[in-house]
Amino acid sequence: MIKIKDYEIPNQVTELSIEQFQKVSDISSDMGLAFVDKQIKIFECLGCPDVWDEVSAKELKEFITAFNDVPKVDFEFTKEVEIDGYKYVAFTGEEFELSAKDLALIEKKIKNGESDIAYIMAVIFKREDLDKKEHYAEAHIKQKAKLFSKQPAQIAVRYIAKVGQEASNMVENVAQNND
């Protein structure tokens with residue numbers, strides 16, 4: 001946490017929910033915003049009200065530096081999560097492997113311009129008491145995405161990296177095969 005005026009702002013993945021992490025990611029990648037606007041919007045979405053007319057440029061620079069000064073952490077894959085008494089499992093073996101069906105659903109969402117981390121987690125984590133048909137039902141995934149948005153962001157970090165890597169590898173391999 002960092003402090004801006006009298007407000008504590010989470011600045012580490014271990015302190016953010018998936019929903020907050022998504023908002024920060026969306027703001028950070030918004031090419032229509034100038035750098036300072038991005039920083040202010042990030043601080044505001046994390047709980048700091050509009051205090052910017054009381055903050056000098058020098059102070060803002062210190063806040064930005066403090067916000068970005070986080071230790072590098074290598075997160076592990078979280079195999080399972082319990083939410084509201086239900087167990088959600090991402091994989092059962094030793095290593096996580098993204099299924100083709102999961103990748104297709106995620107890719108479809110991203111292609112529609114929606115890089116929704118909670119949705120990705122909802123696709124990957126399957127409730128252990130449901131069958132495949134129930135798991136892949138659109139309404140079920142939508143409901144799970146709401147549940148996952150409130151979970152700690154640290155459980156999503158490795159999965160987001162893996163999904164990005166898989167999608168990139170797929171595009172690269174297809175491009176090479178078409179040459």
# chains A, B, ... in the order shown; residues from 1 in each chain; ligands from 1
$ residues_around --residues "Leu16 (chain A)" --least-positions-apart "6" --cutoff "9 Å" --atoms "only C-alpha atoms" --output "number ranges by chain"
A: 10, 46, 151-154
$ select_by_dssp --residues "region 27-175 of chain A" --states "strand (DSSP E or B)" --output "list in words"
Glu80, Val81, Glu82, Ile83, Tyr86, Lys87, Tyr88, Val89, Lys126, Arg127 and Pro152 of chain A
$ write_last_selection --atoms "C-alpha atoms" --output "PDB file, in the first residue's frame"
ATOM      1  CA  GLU A  80      -7.960 -24.651  -6.979  1.00  0.00           C
ATOM      2  CA  VAL A  81     -10.006 -21.937  -5.331  1.00  0.00           C
ATOM      3  CA  GLU A  82     -12.943 -22.173  -2.967  1.00  0.00           C
ATOM      4  CA  ILE A  83     -15.666 -19.569  -3.413  1.00  0.00           C
ATOM      5  CA  TYR A  86     -17.738 -24.518  -4.009  1.00  0.00           C
ATOM      6  CA  LYS A  87     -14.370 -25.761  -5.209  1.00  0.00           C
ATOM      7  CA  TYR A  88     -13.162 -24.521  -8.599  1.00  0.00           C
ATOM      8  CA  VAL A  89     -10.296 -26.462 -10.167  1.00  0.00           C
ATOM      9  CA  LYS A 126     -14.196 -25.431 -13.426  1.00  0.00           C
ATOM     10  CA  ARG A 127     -16.547 -26.090 -10.558  1.00  0.00           C
ATOM     11  CA  PRO A 152      -7.158 -11.823  -5.248  1.00  0.00           C
TER      12      PRO A 152
END
$ residues_around --residues "Glu97 (chain A)" --least-positions-apart "6" --cutoff "12 Å" --atoms "only C-alpha atoms" --output "list of chain:residue names"
A:Phe77, A:Lys79, A:Ala90, A:Phe91, A:Leu103, A:Ile124, A:Phe125, A:Arg158, A:Tyr159, A:Lys162, A:Val163, A:Gln165, A:Glu166
$ select_by_dssp --residues "region 109-176 of chain A" --states "alpha helix (DSSP H)" --output "ChimeraX atom specification"
/A:109-111,117-124,132-135,138-149,157-176
$ write_last_selection --atoms "N, CA and C atoms" --output "compact mmCIF listing (two decimals), in the first residue's frame"
# COMPACT_ATOMS: atom_id res chain seq x y z
N LYS A 109 -13.52 -13.91 -26.89
CA LYS A 109 -13.78 -12.75 -26.02
C LYS A 109 -12.79 -11.62 -26.34
N ILE A 110 -11.51 -12.00 -26.49
CA ILE A 110 -10.47 -11.00 -26.77
C ILE A 110 -10.68 -10.39 -28.16
N LYS A 111 -11.07 -11.22 -29.12
CA LYS A 111 -11.30 -10.75 -30.49
C LYS A 111 -12.43 -9.72 -30.50
N ILE A 117 -10.16 -10.34 -17.49
CA ILE A 117 -9.39 -11.30 -16.70
C ILE A 117 -10.31 -12.22 -15.90
N ALA A 118 -11.37 -11.67 -15.32
CA ALA A 118 -12.31 -12.50 -14.55
C ALA A 118 -12.97 -13.54 -15.44
N TYR A 119 -13.29 -13.18 -16.67
CA TYR A 119 -13.87 -14.13 -17.62
C TYR A 119 -12.87 -15.24 -17.93
N ILE A 120 -11.63 -14.88 -18.17
CA ILE A 120 -10.59 -15.87 -18.45
C ILE A 120 -10.48 -16.85 -17.29
N MET A 121 -10.49 -16.34 -16.08
CA MET A 121 -10.39 -17.21 -14.91
C MET A 121 -11.64 -18.09 -14.80
N ALA A 122 -12.80 -17.54 -15.14
CA ALA A 122 -14.05 -18.31 -15.09
C ALA A 122 -14.04 -19.46 -16.10
N VAL A 123 -13.40 -19.26 -17.22
CA VAL A 123 -13.29 -20.33 -18.22
C VAL A 123 -12.31 -21.40 -17.74
N ILE A 124 -11.19 -20.98 -17.21
CA ILE A 124 -10.13 -21.92 -16.80
C ILE A 124 -10.53 -22.74 -15.58
N LYS A 132 -19.26 -30.97 -17.97
CA LYS A 132 -18.74 -30.07 -19.00
C LYS A 132 -19.82 -29.16 -19.58
N LYS A 133 -20.98 -29.71 -19.84
CA LYS A 133 -22.05 -28.92 -20.44
C LYS A 133 -22.41 -27.74 -19.54
N GLU A 134 -22.55 -28.03 -18.25
CA GLU A 134 -22.90 -26.97 -17.30
C GLU A 134 -21.75 -25.96 -17.18
N HIS A 135 -20.53 -26.47 -17.16
CA HIS A 135 -19.39 -25.58 -17.01
C HIS A 135 -19.30 -24.57 -18.15
N GLU A 138 -22.97 -20.39 -21.08
CA GLU A 138 -22.64 -18.97 -21.05
C GLU A 138 -23.05 -18.29 -19.74
N ALA A 139 -24.25 -18.59 -19.24
CA ALA A 139 -24.73 -17.98 -18.00
C ALA A 139 -23.85 -18.39 -16.81
N HIS A 140 -23.40 -19.63 -16.81
CA HIS A 140 -22.55 -20.11 -15.72
C HIS A 140 -21.19 -19.39 -15.74
N ILE A 141 -20.61 -19.26 -16.92
CA ILE A 141 -19.32 -18.57 -17.03
C ILE A 141 -19.47 -17.11 -16.62
N LYS A 142 -20.56 -16.49 -17.03
CA LYS A 142 -20.81 -15.09 -16.67
C LYS A 142 -20.93 -14.93 -15.14
N GLN A 143 -21.64 -15.84 -14.50
CA GLN A 143 -21.79 -15.80 -13.04
C GLN A 143 -20.45 -16.03 -12.35
N LYS A 144 -19.68 -17.00 -12.86
CA LYS A 144 -18.36 -17.27 -12.28
C LYS A 144 -17.43 -16.08 -12.44
N ALA A 145 -17.53 -15.38 -13.57
CA ALA A 145 -16.69 -14.20 -13.78
C ALA A 145 -16.96 -13.15 -12.70
N LYS A 146 -18.21 -12.99 -12.32
CA LYS A 146 -18.55 -12.06 -11.23
C LYS A 146 -17.89 -12.50 -9.92
N LEU A 147 -17.94 -13.80 -9.66
CA LEU A 147 -17.32 -14.34 -8.45
C LEU A 147 -15.81 -14.16 -8.47
N PHE A 148 -15.20 -14.45 -9.61
CA PHE A 148 -13.74 -14.36 -9.72
C PHE A 148 -13.26 -12.92 -9.69
N SER A 149 -14.07 -11.97 -10.09
CA SER A 149 -13.64 -10.56 -10.09
C SER A 149 -13.30 -10.08 -8.68
N VAL A 157 -2.34 -14.03 -12.20
CA VAL A 157 -1.12 -13.59 -12.88
C VAL A 157 -0.53 -14.67 -13.79
N ARG A 158 -0.29 -15.85 -13.26
CA ARG A 158 0.33 -16.91 -14.07
C ARG A 158 -0.58 -17.35 -15.21
N TYR A 159 -1.88 -17.39 -14.96
CA TYR A 159 -2.82 -17.81 -15.99
C TYR A 159 -2.88 -16.81 -17.14
N ILE A 160 -2.86 -15.55 -16.82
CA ILE A 160 -2.90 -14.52 -17.86
C ILE A 160 -1.64 -14.60 -18.71
N ALA A 161 -0.50 -14.81 -18.07
CA ALA A 161 0.75 -14.96 -18.81
C ALA A 161 0.69 -16.19 -19.72
N LYS A 162 0.17 -17.28 -19.20
CA LYS A 162 0.08 -18.53 -19.97
C LYS A 162 -0.87 -18.37 -21.16
N VAL A 163 -2.01 -17.76 -20.95
CA VAL A 163 -2.97 -17.54 -22.03
C VAL A 163 -2.35 -16.67 -23.12
N GLY A 164 -1.67 -15.60 -22.71
CA GLY A 164 -0.99 -14.74 -23.68
C GLY A 164 0.06 -15.50 -24.47
N GLN A 165 0.82 -16.32 -23.77
CA GLN A 165 1.87 -17.12 -24.40
C GLN A 165 1.26 -18.12 -25.39
N GLU A 166 0.21 -18.81 -24.98
CA GLU A 166 -0.44 -19.80 -25.85
C GLU A 166 -1.02 -19.13 -27.10
N ALA A 167 -1.69 -18.02 -26.92
CA ALA A 167 -2.28 -17.31 -28.06
C ALA A 167 -1.18 -16.83 -29.01
N SER A 168 -0.12 -16.30 -28.47
CA SER A 168 1.00 -15.82 -29.28
C SER A 168 1.67 -16.96 -30.04
N ASN A 169 1.89 -18.08 -29.34
CA ASN A 169 2.50 -19.25 -29.99
C ASN A 169 1.63 -19.77 -31.11
N MET A 170 0.32 -19.78 -30.90
CA MET A 170 -0.61 -20.27 -31.91
C MET A 170 -0.52 -19.41 -33.17
N VAL A 171 -0.54 -18.10 -33.00
CA VAL A 171 -0.48 -17.18 -34.13
C VAL A 171 0.86 -17.33 -34.84
N GLU A 172 1.94 -17.41 -34.09
CA GLU A 172 3.28 -17.54 -34.65
C GLU A 172 3.42 -18.84 -35.45
N ASN A 173 2.95 -19.96 -34.89
CA ASN A 173 3.04 -21.25 -35.58
C ASN A 173 2.23 -21.28 -36.86
N VAL A 174 1.04 -20.70 -36.83
CA VAL A 174 0.20 -20.67 -38.03
C VAL A 174 0.87 -19.79 -39.09
N ALA A 175 1.43 -18.65 -38.69
CA ALA A 175 2.09 -17.75 -39.62
C ALA A 175 3.29 -18.43 -40.27
N GLN A 176 4.07 -19.18 -39.50
CA GLN A 176 5.24 -19.88 -40.03
C GLN A 176 4.82 -20.98 -41.00
$ residues_around --residues "Ile2 (chain A)" --least-positions-apart "2" --cutoff "10 Å" --atoms "only C-alpha atoms" --output "number ranges by chain"
A: 4-5, 7-12, 63-64, 66-69
$ write_last_selection --atoms "C-alpha atoms" --output "PDB file, in the first residue's frame"
ATOM      1  CA  ILE A   4      -1.745   9.579  -1.102  1.00  0.00           C
ATOM      2  CA  LYS A   5      -2.820  12.347   1.224  1.00  0.00           C
ATOM      3  CA  TYR A   7      -5.843   7.566   1.483  1.00  0.00           C
ATOM      4  CA  GLU A   8      -4.165   4.182   1.281  1.00  0.00           C
ATOM      5  CA  ILE A   9      -3.915   2.816  -2.249  1.00  0.00           C
ATOM      6  CA  PRO A  10      -3.076  -0.816  -3.035  1.00  0.00           C
ATOM      7  CA  ASN A  11      -0.065  -1.060  -5.333  1.00  0.00           C
ATOM      8  CA  GLN A  12       0.907  -4.722  -5.277  1.00  0.00           C
ATOM      9  CA  PHE A  63       3.384   8.904  -5.670  1.00  0.00           C
ATOM     10  CA  ILE A  64       3.936   7.386  -9.113  1.00  0.00           C
ATOM     11  CA  ALA A  66       6.177   4.724  -4.886  1.00  0.00           C
ATOM     12  CA  PHE A  67       3.256   3.054  -6.682  1.00  0.00           C
ATOM     13  CA  ASN A  68       5.572   1.421  -9.215  1.00  0.00           C
ATOM     14  CA  ASP A  69       8.258   0.454  -6.687  1.00  0.00           C
TER      15      ASP A  69
END
$ residues_around --residues "Ile42 (chain A)" --least-positions-apart "4" --cutoff "7 Å" --atoms "only C-alpha atoms" --output "list in words"
Val24, Ile27, Lys38 and Leu46 of chain A
$ atom_distance --atom1 "CA of Thr14 (chain A)" --atom2 "CA of Lys41 (chain A)"
20.3 Å
$ atom_distance --atom1 "CA of Glu76 (chain A)" --atom2 "CA of Asp131 (chain A)"
26.7 Å
$ atom_distance --atom1 "CA of Lys72 (chain A)" --atom2 "CA of Phe96 (chain A)"
22.1 Å
$ closest_residue --among "A:Leu33, A:Asp6, A:Asp116, A:Glu19" --to "Cys48 (chain A)" --atoms "only C-alpha atoms"
A:Asp6
$ decode --residues "region 26-50 of chain A" --atoms "N, CA and C atoms" --output "mmCIF file, in the first residue's frame"
data_model
loop_
_atom_site.group_PDB
_atom_site.id
_atom_site.type_symbol
_atom_site.label_atom_id
_atom_site.label_comp_id
_atom_site.auth_asym_id
_atom_site.auth_seq_id
_atom_site.Cartn_x
_atom_site.Cartn_y
_atom_site.Cartn_z
ATOM 1 N N ASP A 26 -6.687 -1.878 -17.898
ATOM 2 C CA ASP A 26 -7.436 -1.156 -18.932
ATOM 3 C C ASP A 26 -6.990 0.298 -19.033
ATOM 4 N N ILE A 27 -6.822 0.937 -17.902
ATOM 5 C CA ILE A 27 -6.383 2.337 -17.900
ATOM 6 C C ILE A 27 -4.972 2.437 -18.458
ATOM 7 N N SER A 28 -4.099 1.546 -18.026
ATOM 8 C CA SER A 28 -2.707 1.571 -18.480
ATOM 9 C C SER A 28 -2.575 1.396 -19.989
ATOM 10 N N SER A 29 -3.458 0.617 -20.575
ATOM 11 C CA SER A 29 -3.364 0.363 -22.017
ATOM 12 C C SER A 29 -4.209 1.314 -22.862
ATOM 13 N N ASP A 30 -4.872 2.273 -22.236
ATOM 14 C CA ASP A 30 -5.705 3.236 -22.962
ATOM 15 C C ASP A 30 -4.805 4.253 -23.670
ATOM 16 N N MET A 31 -4.670 4.077 -24.977
ATOM 17 C CA MET A 31 -3.788 4.940 -25.768
ATOM 18 C C MET A 31 -4.334 6.367 -25.893
ATOM 19 N N GLY A 32 -5.590 6.573 -25.540
ATOM 20 C CA GLY A 32 -6.195 7.896 -25.634
ATOM 21 C C GLY A 32 -5.899 8.792 -24.435
ATOM 22 N N LEU A 33 -5.267 8.227 -23.421
ATOM 23 C CA LEU A 33 -4.957 9.009 -22.218
ATOM 24 C C LEU A 33 -3.487 9.389 -22.176
ATOM 25 N N ALA A 34 -3.224 10.599 -21.746
ATOM 26 C CA ALA A 34 -1.842 11.037 -21.520
ATOM 27 C C ALA A 34 -1.325 10.371 -20.243
ATOM 28 N N PHE A 35 -0.022 10.340 -20.068
ATOM 29 C CA PHE A 35 0.613 9.646 -18.953
ATOM 30 C C PHE A 35 0.059 10.086 -17.593
ATOM 31 N N VAL A 36 0.009 11.383 -17.343
ATOM 32 C CA VAL A 36 -0.449 11.882 -16.043
ATOM 33 C C VAL A 36 -1.918 11.532 -15.827
ATOM 34 N N ASP A 37 -2.739 11.672 -16.861
ATOM 35 C CA ASP A 37 -4.150 11.289 -16.750
ATOM 36 C C ASP A 37 -4.287 9.820 -16.372
ATOM 37 N N LYS A 38 -3.472 8.959 -16.986
ATOM 38 C CA LYS A 38 -3.507 7.530 -16.660
ATOM 39 C C LYS A 38 -3.210 7.309 -15.180
ATOM 40 N N GLN A 39 -2.171 7.965 -14.695
ATOM 41 C CA GLN A 39 -1.774 7.765 -13.303
ATOM 42 C C GLN A 39 -2.869 8.220 -12.344
ATOM 43 N N ILE A 40 -3.438 9.366 -12.628
ATOM 44 C CA ILE A 40 -4.513 9.889 -11.780
ATOM 45 C C ILE A 40 -5.723 8.947 -11.813
ATOM 46 N N LYS A 41 -6.108 8.490 -12.994
ATOM 47 C CA LYS A 41 -7.250 7.576 -13.111
ATOM 48 C C LYS A 41 -6.983 6.259 -12.374
ATOM 49 N N ILE A 42 -5.755 5.772 -12.445
ATOM 50 C CA ILE A 42 -5.399 4.548 -11.715
ATOM 51 C C ILE A 42 -5.560 4.777 -10.221
ATOM 52 N N PHE A 43 -5.028 5.874 -9.721
ATOM 53 C CA PHE A 43 -5.145 6.163 -8.285
ATOM 54 C C PHE A 43 -6.606 6.314 -7.874
ATOM 55 N N GLU A 44 -7.397 6.972 -8.712
ATOM 56 C CA GLU A 44 -8.812 7.158 -8.393
ATOM 57 C C GLU A 44 -9.566 5.829 -8.401
ATOM 58 N N CYS A 45 -9.273 4.969 -9.365
ATOM 59 C CA CYS A 45 -10.002 3.693 -9.408
ATOM 60 C C CYS A 45 -9.613 2.788 -8.243
ATOM 61 N N LEU A 46 -8.481 3.055 -7.624
ATOM 62 C CA LEU A 46 -8.040 2.261 -6.471
ATOM 63 C C LEU A 46 -8.432 2.895 -5.138
ATOM 64 N N GLY A 47 -9.217 3.970 -5.200
ATOM 65 C CA GLY A 47 -9.774 4.507 -3.963
ATOM 66 C C GLY A 47 -9.364 5.898 -3.550
ATOM 67 N N CYS A 48 -8.540 6.561 -4.320
ATOM 68 C CA CYS A 48 -8.157 7.932 -3.978
ATOM 69 C C CYS A 48 -9.137 8.890 -4.651
ATOM 70 N N PRO A 49 -9.793 9.744 -3.878
ATOM 71 C CA PRO A 49 -10.737 10.692 -4.491
ATOM 72 C C PRO A 49 -9.989 11.800 -5.238
ATOM 73 N N ASP A 50 -10.731 12.709 -5.808
ATOM 74 C CA ASP A 50 -10.164 13.818 -6.580
ATOM 75 C C ASP A 50 -9.493 14.822 -5.637
#
